[in-house]
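The file target-v9.cif comes next; it holds mmCIF, C-alpha atoms (C1' of nucleotides).
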data_target
#
loop_
_atom_site.label_atom_id
_atom_site.label_comp_id
_atom_site.auth_asym_id
_atom_site.auth_seq_id
_atom_site.Cartn_x
_atom_site.Cartn_y
_atom_site.Cartn_z
CA MET A 195 43.87 -28.24 34.42
CA SER A 196 46.98 -29.14 32.53
CA PRO A 197 47.50 -29.73 28.82
CA ARG A 198 48.26 -33.32 27.88
CA LYS A 199 46.97 -35.36 30.79
CA SER A 200 48.42 -38.71 31.80
CA VAL A 201 47.70 -41.40 29.27
CA GLN A 202 45.09 -43.19 31.39
CA LYS A 203 43.07 -40.02 31.44
CA GLU A 204 43.33 -39.23 27.78
CA LEU A 205 40.17 -38.31 25.99
CA THR A 206 39.01 -40.73 23.30
CA ARG A 207 36.50 -40.52 20.47
CA GLU A 208 34.46 -43.16 22.28
CA MET A 209 34.31 -41.14 25.50
CA ILE A 210 33.16 -38.10 23.61
CA MET A 211 30.59 -40.04 21.65
CA ASP A 212 29.16 -41.60 24.80
CA ALA A 213 28.73 -38.25 26.48
CA ALA A 214 27.40 -36.64 23.33
CA ARG A 215 24.90 -39.42 22.64
CA ASP A 216 23.12 -38.94 25.95
CA LEU A 217 22.91 -35.20 25.49
CA PHE A 218 21.81 -35.36 21.86
CA VAL A 219 19.14 -37.93 22.58
CA SER A 220 17.70 -36.00 25.50
CA LYS A 221 17.99 -32.47 24.13
CA GLY A 222 18.25 -32.75 20.34
CA TYR A 223 21.04 -31.66 18.05
CA GLN A 224 20.39 -27.92 18.11
CA HIS A 225 20.22 -27.64 21.85
CA VAL A 226 23.45 -29.34 22.73
CA SER A 227 26.62 -27.27 22.68
CA MET A 228 30.20 -28.43 22.38
CA ARG A 229 30.85 -26.73 25.69
CA GLN A 230 28.14 -28.78 27.40
CA ILE A 231 29.61 -31.99 26.08
CA ALA A 232 33.08 -30.98 27.22
CA LYS A 233 31.81 -30.02 30.65
CA GLU A 234 30.10 -33.37 31.00
CA LEU A 235 33.47 -34.98 30.35
CA GLY A 236 35.48 -32.61 32.51
CA TYR A 237 37.53 -31.33 29.58
CA SER A 238 37.69 -28.05 27.74
CA HIS A 239 35.57 -27.60 24.63
CA GLY A 240 38.66 -27.11 22.50
CA SER A 241 39.76 -30.68 23.14
CA ILE A 242 36.78 -32.10 21.30
CA TYR A 243 37.95 -30.36 18.15
CA TYR A 244 41.13 -32.39 18.35
CA HIS A 245 39.09 -35.56 17.94
CA PHE A 246 36.27 -34.33 15.70
CA LYS A 247 36.43 -31.71 13.01
CA ASN A 248 33.22 -30.06 14.21
CA LYS A 249 29.84 -30.63 15.81
CA ALA A 250 28.29 -32.08 12.66
CA GLU A 251 31.03 -34.66 12.25
CA LEU A 252 30.71 -35.69 15.87
CA PHE A 253 27.00 -36.19 15.46
CA TYR A 254 27.45 -38.08 12.24
CA ALA A 255 29.85 -40.49 13.87
CA LEU A 256 26.96 -41.40 16.16
CA VAL A 257 24.48 -41.61 13.34
CA GLU A 258 26.61 -44.04 11.35
CA LYS A 259 26.32 -46.53 14.19
CA HIS A 260 22.58 -46.12 14.18
CA PHE A 261 22.33 -46.88 10.49
CA GLU A 262 24.04 -50.17 11.28
CA LEU A 263 21.42 -50.73 13.95
CA LEU A 264 18.65 -50.10 11.46
CA ASP A 265 20.20 -52.57 9.04
CA GLN A 266 20.46 -55.07 11.85
CA LYS A 267 16.80 -54.62 12.70
CA LEU A 268 15.78 -55.32 9.13
CA HIS A 269 17.98 -58.38 9.09
CA ASP A 270 16.33 -59.65 12.27
CA VAL A 271 12.86 -59.34 10.83
CA LEU A 272 13.85 -61.14 7.67
CA LYS A 273 15.07 -64.23 9.46
CA GLN A 274 11.97 -64.49 11.66
CA LYS A 275 9.60 -67.38 11.05
CA LEU A 276 6.67 -65.58 9.52
CA ASP A 277 4.86 -65.72 6.24
CA GLN A 278 5.81 -63.07 3.70
CA LYS A 279 2.80 -60.87 4.33
CA GLU A 280 3.53 -60.75 8.03
CA LYS A 281 7.21 -60.04 7.44
CA LEU A 282 6.38 -57.21 5.14
CA LYS A 283 4.20 -55.60 7.75
CA GLN A 284 6.87 -56.14 10.37
CA ILE A 285 9.35 -54.27 8.21
CA LEU A 286 7.11 -51.26 7.91
CA VAL A 287 6.18 -51.24 11.57
CA GLY A 288 9.79 -51.88 12.52
CA TYR A 289 10.91 -48.89 10.55
CA ILE A 290 8.53 -46.62 12.43
CA GLN A 291 9.55 -48.18 15.70
CA PHE A 292 13.19 -47.53 14.97
CA GLY A 293 12.55 -43.93 14.04
CA LEU A 294 10.55 -43.15 17.14
CA ASN A 295 12.92 -44.89 19.51
CA HIS A 296 15.96 -43.08 18.12
CA GLN A 297 14.40 -39.72 17.50
CA SER A 298 17.36 -37.45 17.71
CA HIS A 299 19.32 -39.68 15.38
CA TYR A 300 16.44 -40.09 13.00
CA GLU A 301 16.35 -36.34 12.77
CA ILE A 302 19.88 -36.24 11.51
CA MET A 303 19.52 -39.31 9.31
CA PHE A 304 16.59 -37.98 7.37
CA LEU A 305 15.42 -34.61 8.58
CA ILE A 306 18.29 -32.21 9.07
CA LYS A 307 18.67 -29.69 6.29
CA ASP A 308 21.81 -27.97 7.49
CA GLU A 309 24.33 -27.87 4.69
CA GLU A 310 27.10 -28.77 7.10
CA VAL A 311 25.51 -31.95 8.34
CA ARG A 312 24.09 -32.82 4.96
CA ASN A 313 27.52 -33.33 3.50
CA PHE A 314 28.29 -36.16 5.89
CA ILE A 315 25.15 -38.15 5.26
CA ASN A 316 23.95 -40.02 2.16
CA GLN A 317 26.27 -43.01 2.07
CA GLY A 318 24.75 -44.65 5.14
CA GLY A 319 21.27 -43.45 4.29
CA ASN A 320 21.33 -44.79 0.78
CA ARG A 321 22.67 -48.15 1.81
CA SER A 322 19.98 -48.50 4.45
CA TYR A 323 17.29 -47.52 2.01
CA GLU A 324 18.54 -50.02 -0.55
CA ASN A 325 18.24 -52.78 2.01
CA PHE A 326 14.73 -51.67 2.83
CA ALA A 327 13.67 -51.45 -0.80
CA GLN A 328 15.05 -54.81 -1.75
CA SER A 329 13.37 -56.52 1.17
CA VAL A 330 10.01 -54.96 0.39
CA SER A 331 10.39 -55.96 -3.23
CA LEU A 332 11.18 -59.56 -2.34
CA LEU A 333 8.37 -59.93 0.15
CA SER A 334 5.63 -58.19 -1.75
CA GLY A 335 5.04 -61.22 -3.94
CA LYS A 336 4.31 -59.19 -7.01
CA GLU A 337 6.34 -57.03 -9.35
CA LEU A 338 6.58 -53.63 -7.73
CA LYS A 339 7.86 -50.57 -9.45
CA VAL A 340 10.84 -49.01 -7.69
CA GLN A 341 8.77 -45.87 -7.58
CA GLU A 342 6.05 -47.54 -5.55
CA ILE A 343 8.53 -48.66 -2.94
CA TRP A 344 9.94 -45.19 -2.74
CA LEU A 345 6.49 -43.70 -2.19
CA LEU A 346 5.78 -46.30 0.44
CA PHE A 347 8.96 -45.27 2.18
CA LEU A 348 8.07 -41.58 2.02
CA SER A 349 4.73 -42.38 3.60
CA LEU A 350 6.36 -44.17 6.49
CA HIS A 351 8.77 -41.31 6.76
CA GLY A 352 5.88 -38.91 7.18
CA PHE A 353 4.55 -40.85 10.12
CA VAL A 354 7.89 -40.91 11.87
CA THR A 355 8.60 -37.28 11.10
CA HIS A 356 5.35 -36.15 12.59
CA TYR A 357 5.53 -38.11 15.80
CA CYS A 358 9.22 -37.48 16.35
CA ARG A 359 9.44 -35.32 19.49
CA ILE A 360 5.67 -35.24 19.92
CA VAL A 361 5.81 -38.66 21.40
CA ASN A 362 8.48 -40.08 23.69
CA SER A 363 8.56 -43.63 22.48
CA TYR A 364 7.10 -45.94 19.88
CA GLU A 365 4.85 -47.57 22.43
CA GLU A 366 2.69 -44.48 22.63
CA VAL A 367 1.62 -44.88 19.01
CA ARG A 368 2.03 -48.60 18.45
CA GLY A 369 -1.60 -49.08 17.45
CA LEU A 370 -1.62 -46.19 15.01
CA ALA A 371 1.69 -47.30 13.55
CA GLU A 372 0.26 -50.72 12.80
CA ALA A 373 -2.78 -49.12 11.24
CA HIS A 374 -0.46 -47.03 9.09
CA ALA A 375 1.36 -50.12 7.89
CA ASP A 376 -1.94 -51.78 7.01
CA PHE A 377 -3.12 -48.63 5.31
CA LEU A 378 -0.04 -48.50 3.11
CA LEU A 379 -0.03 -52.17 2.31
CA LYS A 380 -3.47 -51.80 0.79
CA SER A 381 -1.80 -49.68 -1.91
CA ILE A 382 0.46 -52.45 -3.10
CA HIS A 383 -1.88 -55.41 -2.86
CA MET B 253 20.89 7.44 12.64
CA SER B 254 18.40 9.11 14.94
CA PRO B 255 15.83 7.58 17.26
CA ARG B 256 12.21 8.19 16.28
CA LYS B 257 12.39 9.00 12.58
CA SER B 258 9.88 11.21 10.81
CA VAL B 259 6.49 9.59 10.57
CA GLN B 260 6.70 8.81 6.85
CA LYS B 261 9.77 6.72 7.52
CA GLU B 262 8.40 4.84 10.46
CA LEU B 263 8.92 1.13 10.52
CA THR B 264 5.79 -1.01 10.32
CA ARG B 265 5.03 -4.65 10.96
CA GLU B 266 4.29 -5.02 7.26
CA MET B 267 7.69 -3.65 6.23
CA ILE B 268 9.44 -6.00 8.56
CA MET B 269 7.38 -8.95 7.42
CA ASP B 270 8.10 -8.22 3.77
CA ALA B 271 11.83 -8.06 4.33
CA ALA B 272 11.78 -11.10 6.58
CA ARG B 273 9.70 -13.17 4.18
CA ASP B 274 12.27 -12.91 1.40
CA LEU B 275 15.11 -13.81 3.69
CA PHE B 276 13.33 -16.69 5.38
CA VAL B 277 12.21 -18.16 2.10
CA SER B 278 15.66 -17.98 0.54
CA LYS B 279 17.76 -18.96 3.55
CA GLY B 280 15.48 -20.78 5.98
CA TYR B 281 14.53 -19.88 9.52
CA GLN B 282 17.74 -20.87 11.24
CA HIS B 283 20.01 -18.99 8.88
CA VAL B 284 18.34 -15.62 9.02
CA SER B 285 19.30 -13.30 11.86
CA MET B 286 17.38 -10.38 13.24
CA ARG B 287 20.38 -8.22 12.38
CA GLN B 288 20.19 -9.26 8.73
CA ILE B 289 16.53 -8.37 8.55
CA ALA B 290 17.17 -5.00 10.16
CA LYS B 291 20.07 -4.31 7.82
CA GLU B 292 17.88 -5.09 4.84
CA LEU B 293 15.47 -2.45 6.10
CA GLY B 294 18.10 0.10 7.03
CA TYR B 295 17.13 0.04 10.71
CA SER B 296 18.83 -1.24 13.79
CA HIS B 297 18.05 -4.75 14.96
CA GLY B 298 16.63 -3.47 18.20
CA SER B 299 13.79 -1.75 16.40
CA ILE B 300 12.30 -5.06 15.29
CA TYR B 301 11.76 -5.99 18.90
CA TYR B 302 9.51 -3.00 19.27
CA HIS B 303 7.15 -4.52 16.72
CA PHE B 304 7.61 -8.23 17.41
CA LYS B 305 8.28 -9.94 20.71
CA ASN B 306 10.98 -12.11 19.20
CA LYS B 307 12.14 -13.96 16.11
CA ALA B 308 9.67 -16.80 16.53
CA GLU B 309 6.71 -14.46 16.75
CA LEU B 310 7.85 -12.59 13.66
CA PHE B 311 8.07 -15.82 11.75
CA TYR B 312 4.73 -17.00 13.00
CA ALA B 313 3.08 -13.80 11.83
CA LEU B 314 4.21 -14.81 8.35
CA VAL B 315 3.11 -18.37 8.77
CA GLU B 316 -0.40 -17.39 9.77
CA LYS B 317 -0.84 -15.74 6.42
CA HIS B 318 0.35 -18.85 4.68
CA PHE B 319 -2.17 -20.99 6.46
CA GLU B 320 -4.82 -18.70 5.02
CA LEU B 321 -3.26 -19.24 1.61
CA LEU B 322 -3.44 -22.99 2.09
CA ASP B 323 -7.09 -22.74 3.06
CA GLN B 324 -7.70 -20.60 -0.01
CA LYS B 325 -6.03 -23.18 -2.22
CA LEU B 326 -8.28 -25.90 -0.89
CA HIS B 327 -11.28 -23.70 -1.42
CA ASP B 328 -10.26 -23.08 -5.05
CA VAL B 329 -9.99 -26.76 -5.80
CA LEU B 330 -13.37 -27.45 -4.29
CA LYS B 331 -15.20 -25.03 -6.51
CA GLN B 332 -13.53 -26.28 -9.68
CA LYS B 333 -15.68 -28.14 -12.19
CA LEU B 334 -14.36 -31.65 -11.77
CA ASP B 335 -15.84 -34.95 -10.74
CA GLN B 336 -15.23 -35.95 -7.15
CA LYS B 337 -12.44 -38.38 -7.90
CA GLU B 338 -10.52 -35.71 -9.78
CA LYS B 339 -11.08 -33.15 -7.08
CA LEU B 340 -9.82 -35.53 -4.45
CA LYS B 341 -6.63 -36.08 -6.36
CA GLN B 342 -6.25 -32.35 -6.88
CA ILE B 343 -6.45 -31.81 -3.17
CA LEU B 344 -3.67 -34.24 -2.47
CA VAL B 345 -1.47 -32.95 -5.26
CA GLY B 346 -2.29 -29.38 -4.30
CA TYR B 347 -1.18 -29.99 -0.77
CA ILE B 348 2.21 -31.20 -1.95
CA GLN B 349 2.46 -28.31 -4.34
CA PHE B 350 1.77 -25.85 -1.58
CA GLY B 351 4.35 -27.41 0.70
CA LEU B 352 7.11 -27.40 -1.89
CA ASN B 353 6.40 -23.90 -3.11
CA HIS B 354 6.46 -22.46 0.42
CA GLN B 355 9.21 -24.57 1.88
CA SER B 356 10.50 -22.34 4.57
CA HIS B 357 6.99 -21.74 5.84
CA TYR B 358 6.05 -25.37 5.57
CA GLU B 359 8.99 -26.09 7.79
CA ILE B 360 7.60 -23.91 10.52
CA MET B 361 4.03 -25.00 10.01
CA PHE B 362 4.73 -28.67 10.42
CA LEU B 363 8.38 -29.42 10.94
CA ILE B 364 9.94 -27.11 13.49
CA LYS B 365 10.41 -28.67 16.90
CA ASP B 366 11.76 -25.66 18.74
CA GLU B 367 9.81 -25.14 21.91
CA GLU B 368 9.72 -21.39 21.34
CA VAL B 369 8.12 -21.59 17.93
CA ARG B 370 5.97 -24.53 18.88
CA ASN B 371 3.99 -22.44 21.32
CA PHE B 372 2.76 -20.11 18.60
CA ILE B 373 1.52 -22.78 16.23
CA ASN B 374 -1.38 -25.25 16.48
CA GLN B 375 -4.40 -22.99 16.08
CA GLY B 376 -3.74 -22.34 12.38
CA GLY B 377 -2.40 -25.82 11.78
CA ASN B 378 -5.40 -27.53 13.28
CA ARG B 379 -7.91 -25.40 11.45
CA SER B 380 -6.15 -26.07 8.15
CA TYR B 381 -6.06 -29.77 8.82
CA GLU B 382 -9.74 -29.83 9.70
CA ASN B 383 -10.56 -28.25 6.36
CA PHE B 384 -8.43 -30.80 4.59
CA ALA B 385 -9.94 -33.73 6.45
CA GLN B 386 -13.51 -32.66 5.91
CA SER B 387 -12.95 -32.17 2.19
CA VAL B 388 -11.35 -35.55 1.79
CA SER B 389 -14.16 -37.13 3.70
CA LEU B 390 -16.81 -35.48 1.53
CA LEU B 391 -15.15 -36.33 -1.76
CA SER B 392 -14.13 -39.88 -1.03
CA GLY B 393 -17.64 -41.13 -1.66
CA LYS B 394 -17.47 -43.75 1.03
CA GLU B 395 -17.42 -43.69 4.79
CA LEU B 396 -13.84 -43.09 5.81
CA LYS B 397 -12.54 -43.47 9.30
CA VAL B 398 -10.99 -40.29 10.66
CA GLN B 399 -7.92 -42.35 11.26
CA GLU B 400 -7.59 -43.17 7.57
CA ILE B 401 -7.65 -39.52 6.63
CA TRP B 402 -5.02 -38.76 9.20
CA LEU B 403 -2.75 -41.49 7.86
CA LEU B 404 -3.31 -40.21 4.35
CA PHE B 405 -2.25 -36.80 5.52
CA LEU B 406 0.87 -38.12 7.22
CA SER B 407 1.81 -39.86 3.98
CA LEU B 408 1.52 -36.64 2.03
CA HIS B 409 3.46 -34.94 4.75
CA GLY B 410 6.29 -37.42 4.30
CA PHE B 411 6.58 -36.56 0.64
CA VAL B 412 6.72 -32.85 1.29
CA THR B 413 9.10 -33.23 4.20
CA HIS B 414 11.54 -35.22 2.16
CA TYR B 415 11.62 -32.98 -0.88
CA CYS B 416 11.60 -29.76 1.09
CA ARG B 417 14.97 -28.12 0.42
CA ILE B 418 16.14 -30.96 -1.80
CA VAL B 419 14.11 -29.50 -4.59
CA ASN B 420 13.59 -25.84 -5.39
CA SER B 421 10.02 -25.96 -6.59
CA TYR B 422 7.08 -28.27 -7.02
CA GLU B 423 7.63 -28.46 -10.78
CA GLU B 424 10.75 -30.55 -10.30
CA VAL B 425 8.73 -33.40 -8.81
CA ARG B 426 5.29 -32.86 -10.35
CA GLY B 427 5.21 -36.30 -11.91
CA LEU B 428 6.25 -38.08 -8.76
CA ALA B 429 3.81 -36.05 -6.69
CA GLU B 430 0.95 -37.15 -8.89
CA ALA B 431 2.10 -40.74 -8.63
CA HIS B 432 2.12 -40.35 -4.87
CA ALA B 433 -1.44 -39.09 -4.87
CA ASP B 434 -2.53 -42.06 -7.01
CA PHE B 435 -0.59 -44.40 -4.79
CA LEU B 436 -2.37 -43.15 -1.68
CA LEU B 437 -5.79 -43.08 -3.25
CA LYS B 438 -5.53 -46.79 -3.91
CA SER B 439 -5.63 -47.22 -0.13
CA ILE B 440 -9.02 -45.68 0.28
CA HIS B 441 -10.79 -46.97 -2.81
"C1'" DT C 147 69.85 -41.36 29.58
"C1'" DC C 148 68.49 -37.27 27.89
"C1'" DA C 149 67.52 -34.16 24.12
"C1'" DA C 150 64.34 -33.57 20.36
"C1'" DT C 151 60.01 -34.43 18.59
"C1'" DT C 152 55.20 -35.38 18.58
"C1'" DA C 153 50.52 -35.62 20.61
"C1'" DA C 154 46.92 -33.98 23.53
"C1'" DT C 155 44.84 -30.28 26.13
"C1'" DT C 156 43.97 -25.66 27.44
"C1'" DG C 157 41.77 -21.26 27.43
"C1'" DA C 158 41.97 -16.73 25.49
"C1'" DC C 159 40.02 -15.08 21.43
"C1'" DC C 160 36.93 -14.26 17.26
"C1'" DA C 161 32.66 -13.48 15.01
"C1'" DT C 162 28.08 -14.39 15.45
"C1'" DC C 163 23.54 -14.98 17.54
"C1'" DG C 164 18.85 -13.54 20.10
"C1'" DT C 165 17.50 -10.45 23.37
"C1'" DT C 166 17.24 -6.42 26.74
"C1'" DC C 167 17.14 -1.76 27.91
"C1'" DA C 168 18.59 3.09 29.17
"C1'" DA C 169 19.12 6.90 26.40
"C1'" DT C 170 17.51 9.67 22.85
"C1'" DT C 171 14.56 12.19 19.88
"C1'" DA C 172 10.18 12.96 17.06
"C1'" DA C 173 5.38 13.16 17.41
"C1'" DA C 174 1.21 13.77 19.94
"C1'" DT C 175 -1.29 15.69 23.69
"C1'" DT C 176 -2.36 19.02 27.08
"C1'" DA D 128 5.07 25.88 25.06
"C1'" DA D 129 5.50 22.24 28.27
"C1'" DT D 130 4.68 17.57 29.04
"C1'" DT D 131 3.90 13.01 27.83
"C1'" DT D 132 4.17 9.18 24.79
"C1'" DA D 133 6.00 6.44 20.89
"C1'" DA D 134 9.65 4.82 18.08
"C1'" DT D 135 14.54 3.99 17.34
"C1'" DT D 136 19.23 3.33 18.65
"C1'" DG D 137 23.28 0.90 19.94
"C1'" DA D 138 25.90 -0.69 23.82
"C1'" DA D 139 25.76 -4.63 26.56
"C1'" DC D 140 24.79 -9.62 28.05
"C1'" DG D 141 25.34 -14.31 27.83
"C1'" DA D 142 25.36 -17.69 24.81
"C1'" DT D 143 27.08 -20.23 20.50
"C1'" DG D 144 30.69 -22.83 17.01
"C1'" DG D 145 35.17 -22.62 15.87
"C1'" DT D 146 40.56 -21.39 15.84
"C1'" DC D 147 45.04 -21.45 17.54
"C1'" DA D 148 49.41 -20.30 20.11
"C1'" DA D 149 51.05 -21.96 24.28
"C1'" DT D 150 51.83 -25.61 27.25
"C1'" DT D 151 52.98 -30.04 28.93
"C1'" DA D 152 53.08 -35.32 28.76
"C1'" DA D 153 54.45 -39.11 26.13
"C1'" DT D 154 57.29 -40.99 22.71
"C1'" DT D 155 61.25 -41.48 19.89
"C1'" DG D 156 66.18 -41.73 18.65
"C1'" DA D 157 71.07 -41.25 19.53
#

Could you show the structure in this file as structure tokens?
Amino acid sequence: MSPRKSVQKELTREMIMDAARDLFVSKGYQHVSMRQIAKELGYSHGSIYYHFKNKAELFYALVEKHFELLDQKLHDVLKQKLDQKEKLKQILVGYIQFGLNHQSHYEIMFLIKDEEVRNFINQGGNRSYENFAQSVSLLSGKELKVQEIWLLFLSLHGFVTHYCRIVNSYEEVRGLAEAHADFLLKSIH
Amino acid sequence: MSPRKSVQKELTREMIMDAARDLFVSKGYQHVSMRQIAKELGYSHGSIYYHFKNKAELFYALVEKHFELLDQKLHDVLKQKLDQKEKLKQILVGYIQFGLNHQSHYEIMFLIKDEEVRNFINQGGNRSYENFAQSVSLLSGKELKVQEIWLLFLSLHGFVTHYCRIVNSYEEVRGLAEAHADFLLKSIH
DNA sequence: TCAATTAATTGACCATCGTTCAATTAAATT
DNA sequence: AATTTAATTGAACGATGGTCAATTAATTGA
């Protein structure tokens, strides 16, 4: 009701991000409004603009955290006790798994074309891709052209893109995802 | 200015589609408004709703035609004088070419997640895919699992998806597209 | 301690969107 | 010529993302 609430009740970036995450994940970027997020929090929509420049920046703040998660996932696979061939497959499958279990964020990371959102991306995306590429290169056992790794990535990307929003979780396409990984690995062996 | 203009100046579905096509292709589905289309035509925005139920249906009317174009393209490749291996590659490359030279429509055909638009699709998309799959199967020379063809398609799809809107035409990535086709063909040979 | 300053929140406001629909007028039908 | 039908208009609706003066709490300094 009143401007400037007592300090215990002050809105924080974290509070906004928590509310926004749920909505974005369940409804997708386009179908969540700033007013909905504010309502969820019990604040006016204007207040969000005090903490985030606009909707795209708010979403990107969430996405950044998810890039870290993707990096973490890769790291986890690498330190598993598996032979190289197995690890390599795990990386590919793990990438698909990540994409399908964080659909709304994957959309923003790699799918959204909006100029606005576009401007925020790229740093995180490139870093994540570099990690991916280097790991594949190391584990493949043979000299791979950078181009080949890129094409491999695009092929994984196609799988995720297609099943994003068609499917509700990775589990629904686990078998096909593994087949896709095998299919692609044939190209580099 | 007046309702019900003289019959020579009557608005037609074709007129609307022509104006809309240009706008959609240059700006993308999301960034074209019904008012813009109407303005382009010199009519009020309401008039479009007399000819099309809504924006999604208008767009889908355009997309249907592009599916026919895609089918035509496939047909053209098939009747070329090439050995099977060459034809197969041409199909893959041709698919990418089509996607990148009709970006805004490709988006709707295979990328858009909006419920509204979703409902209109599928018939055309499935038929086109069936054509693609059957051709690949015929030309591959060996018994391919349906699953393999599907994964091949998803891999092509990833390429198109990524370069859609990053690039302005197929020409800019011709070399890479051909490399992608070669890369994928290694998986089924 | 209390005035001045700063920080956080509000909600009216703007321009835009897709869509609906009563009113209007030209064309077609009787 | 009267009536019916078909096509077009533009005001209106309920949304959207975003801005900003006004307001009030917290903080700072004298």

request  = Enumerate, as a list in words, the residues matched when the PyMOL selection byres ((chain B) within 7 of (chain C)) is run on the file above.
outcome  =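 That expression, the PyMOL selection byres ((chain B) within 7 of (chain C)), corresponds here to Ser254, Pro255, Arg256, Lys257 and Ser258 of chain B.
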
ask   = What are the residues of chain B that have an atom within 7 Å of an atom of chain A, counting all atoms listed in the file, as a PyMOL selection string?
value = chain B and resi 403+406-411+432+435-436+438-439

If you take all atoms listed in the file and a cut-off of 9 Å, which residues of chain D touch chain B, and what are their nearest atom pairs and distances in Å to one decimal, in chain and number order, as CSV?
residue,atom,partner,partner_atom,distance
D:DA133,C1',B:Arg256,CA,7.9
D:DA134,C1',B:Arg256,CA,4.6
D:DT135,C1',B:Pro255,CA,3.8
D:DT136,C1',B:Pro255,CA,5.6
D:DG137,C1',B:Ser296,CA,7.9

Hey, can I get the axis-aligned box for segment 151-170 of chain C? All listed atoms, 3 Å padding on each side, centre and edge lengths in Å to one decimal, as lines of an AutoDock Vina configuration file.
center_x = 38.6
center_y = -13.0
center_z = 22.1
size_x = 48.9
size_y = 51.3
size_z = 20.2

ask   = With all atoms listed in the file as the basis for distance, which of A:Val271, A:Leu263, A:Met228, A:Val361 is at the shortest distance from Leu294 of chain A?
value =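 Smallest separation from Leu294 of chain A among the options: A:Val361.
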
query = At what distance in Å, to one decimal, does atom CA of Ile401 of chain B lie from atom CA of Asp335 of chain B?
reply =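 Between atom CA of Asp335 of chain B and atom CA of Ile401 of chain B the gap is 19.7 Å.
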
query = Between A:Leu338, A:Tyr364, A:Ser298, A:Ile210, which one has atoms that come closest to Leu252 of chain A, using only C-alpha atoms?
reply =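 When distances to Leu252 of chain A are compared using only C-alpha atoms, the smallest one comes from A:Ile210.
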
key: Between atom CA of Leu235 of chain A and atom CA of Tyr300 of chain A, distance in Å (one decimal)   =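 Computing the Euclidean distance for atom CA of Leu235 of chain A and atom CA of Tyr300 of chain A yields 24.8 Å.
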
request  = Run the PyMOL selection byres ((chain B and resi 346) around 10) on the file and write out the hits as number ranges by chain.
outcome  = B: 322, 325-326, 329, 339-345, 347-352, 422, 429-430, 433

remark   = Using all atoms listed in the file, the residue out of B:Gln355, B:Glu424, B:Gln324, B:Gln336 with shortest distance to Phe384 of chain B is B:Gln324

request  = Go ahead and compute the interatomic distance for atom CA of Met211 of chain A and atom CA of Leu256 of chain A, in Å to one decimal.
outcome  =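 Between atom CA of Met211 of chain A and atom CA of Leu256 of chain A the gap is 6.7 Å.
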
ask   = Within 9 Å of Met361 of chain B, counting all atoms listed in the file, which residues qualify if same-chain residues fewer than 4 places away don't, as an NGL selection string?
value = :B and (312 or 315-316 or 318-319 or 356-357 or 373-374 or 376-377)

Just the selected residues (C-alpha atoms), exported as a compact mmCIF listing (two decimals), in the coordinates of the input, please.
# COMPACT_ATOMS: atom_id res chain seq x y z
CA TYR B 312 4.73 -17.00 13.00
CA VAL B 315 3.11 -18.37 8.77
CA GLU B 316 -0.40 -17.39 9.77
CA HIS B 318 0.35 -18.85 4.68
CA PHE B 319 -2.17 -20.99 6.46
CA SER B 356 10.50 -22.34 4.57
CA HIS B 357 6.99 -21.74 5.84
CA ILE B 373 1.52 -22.78 16.23
CA ASN B 374 -1.38 -25.25 16.48
CA GLY B 376 -3.74 -22.34 12.38
CA GLY B 377 -2.40 -25.82 11.78
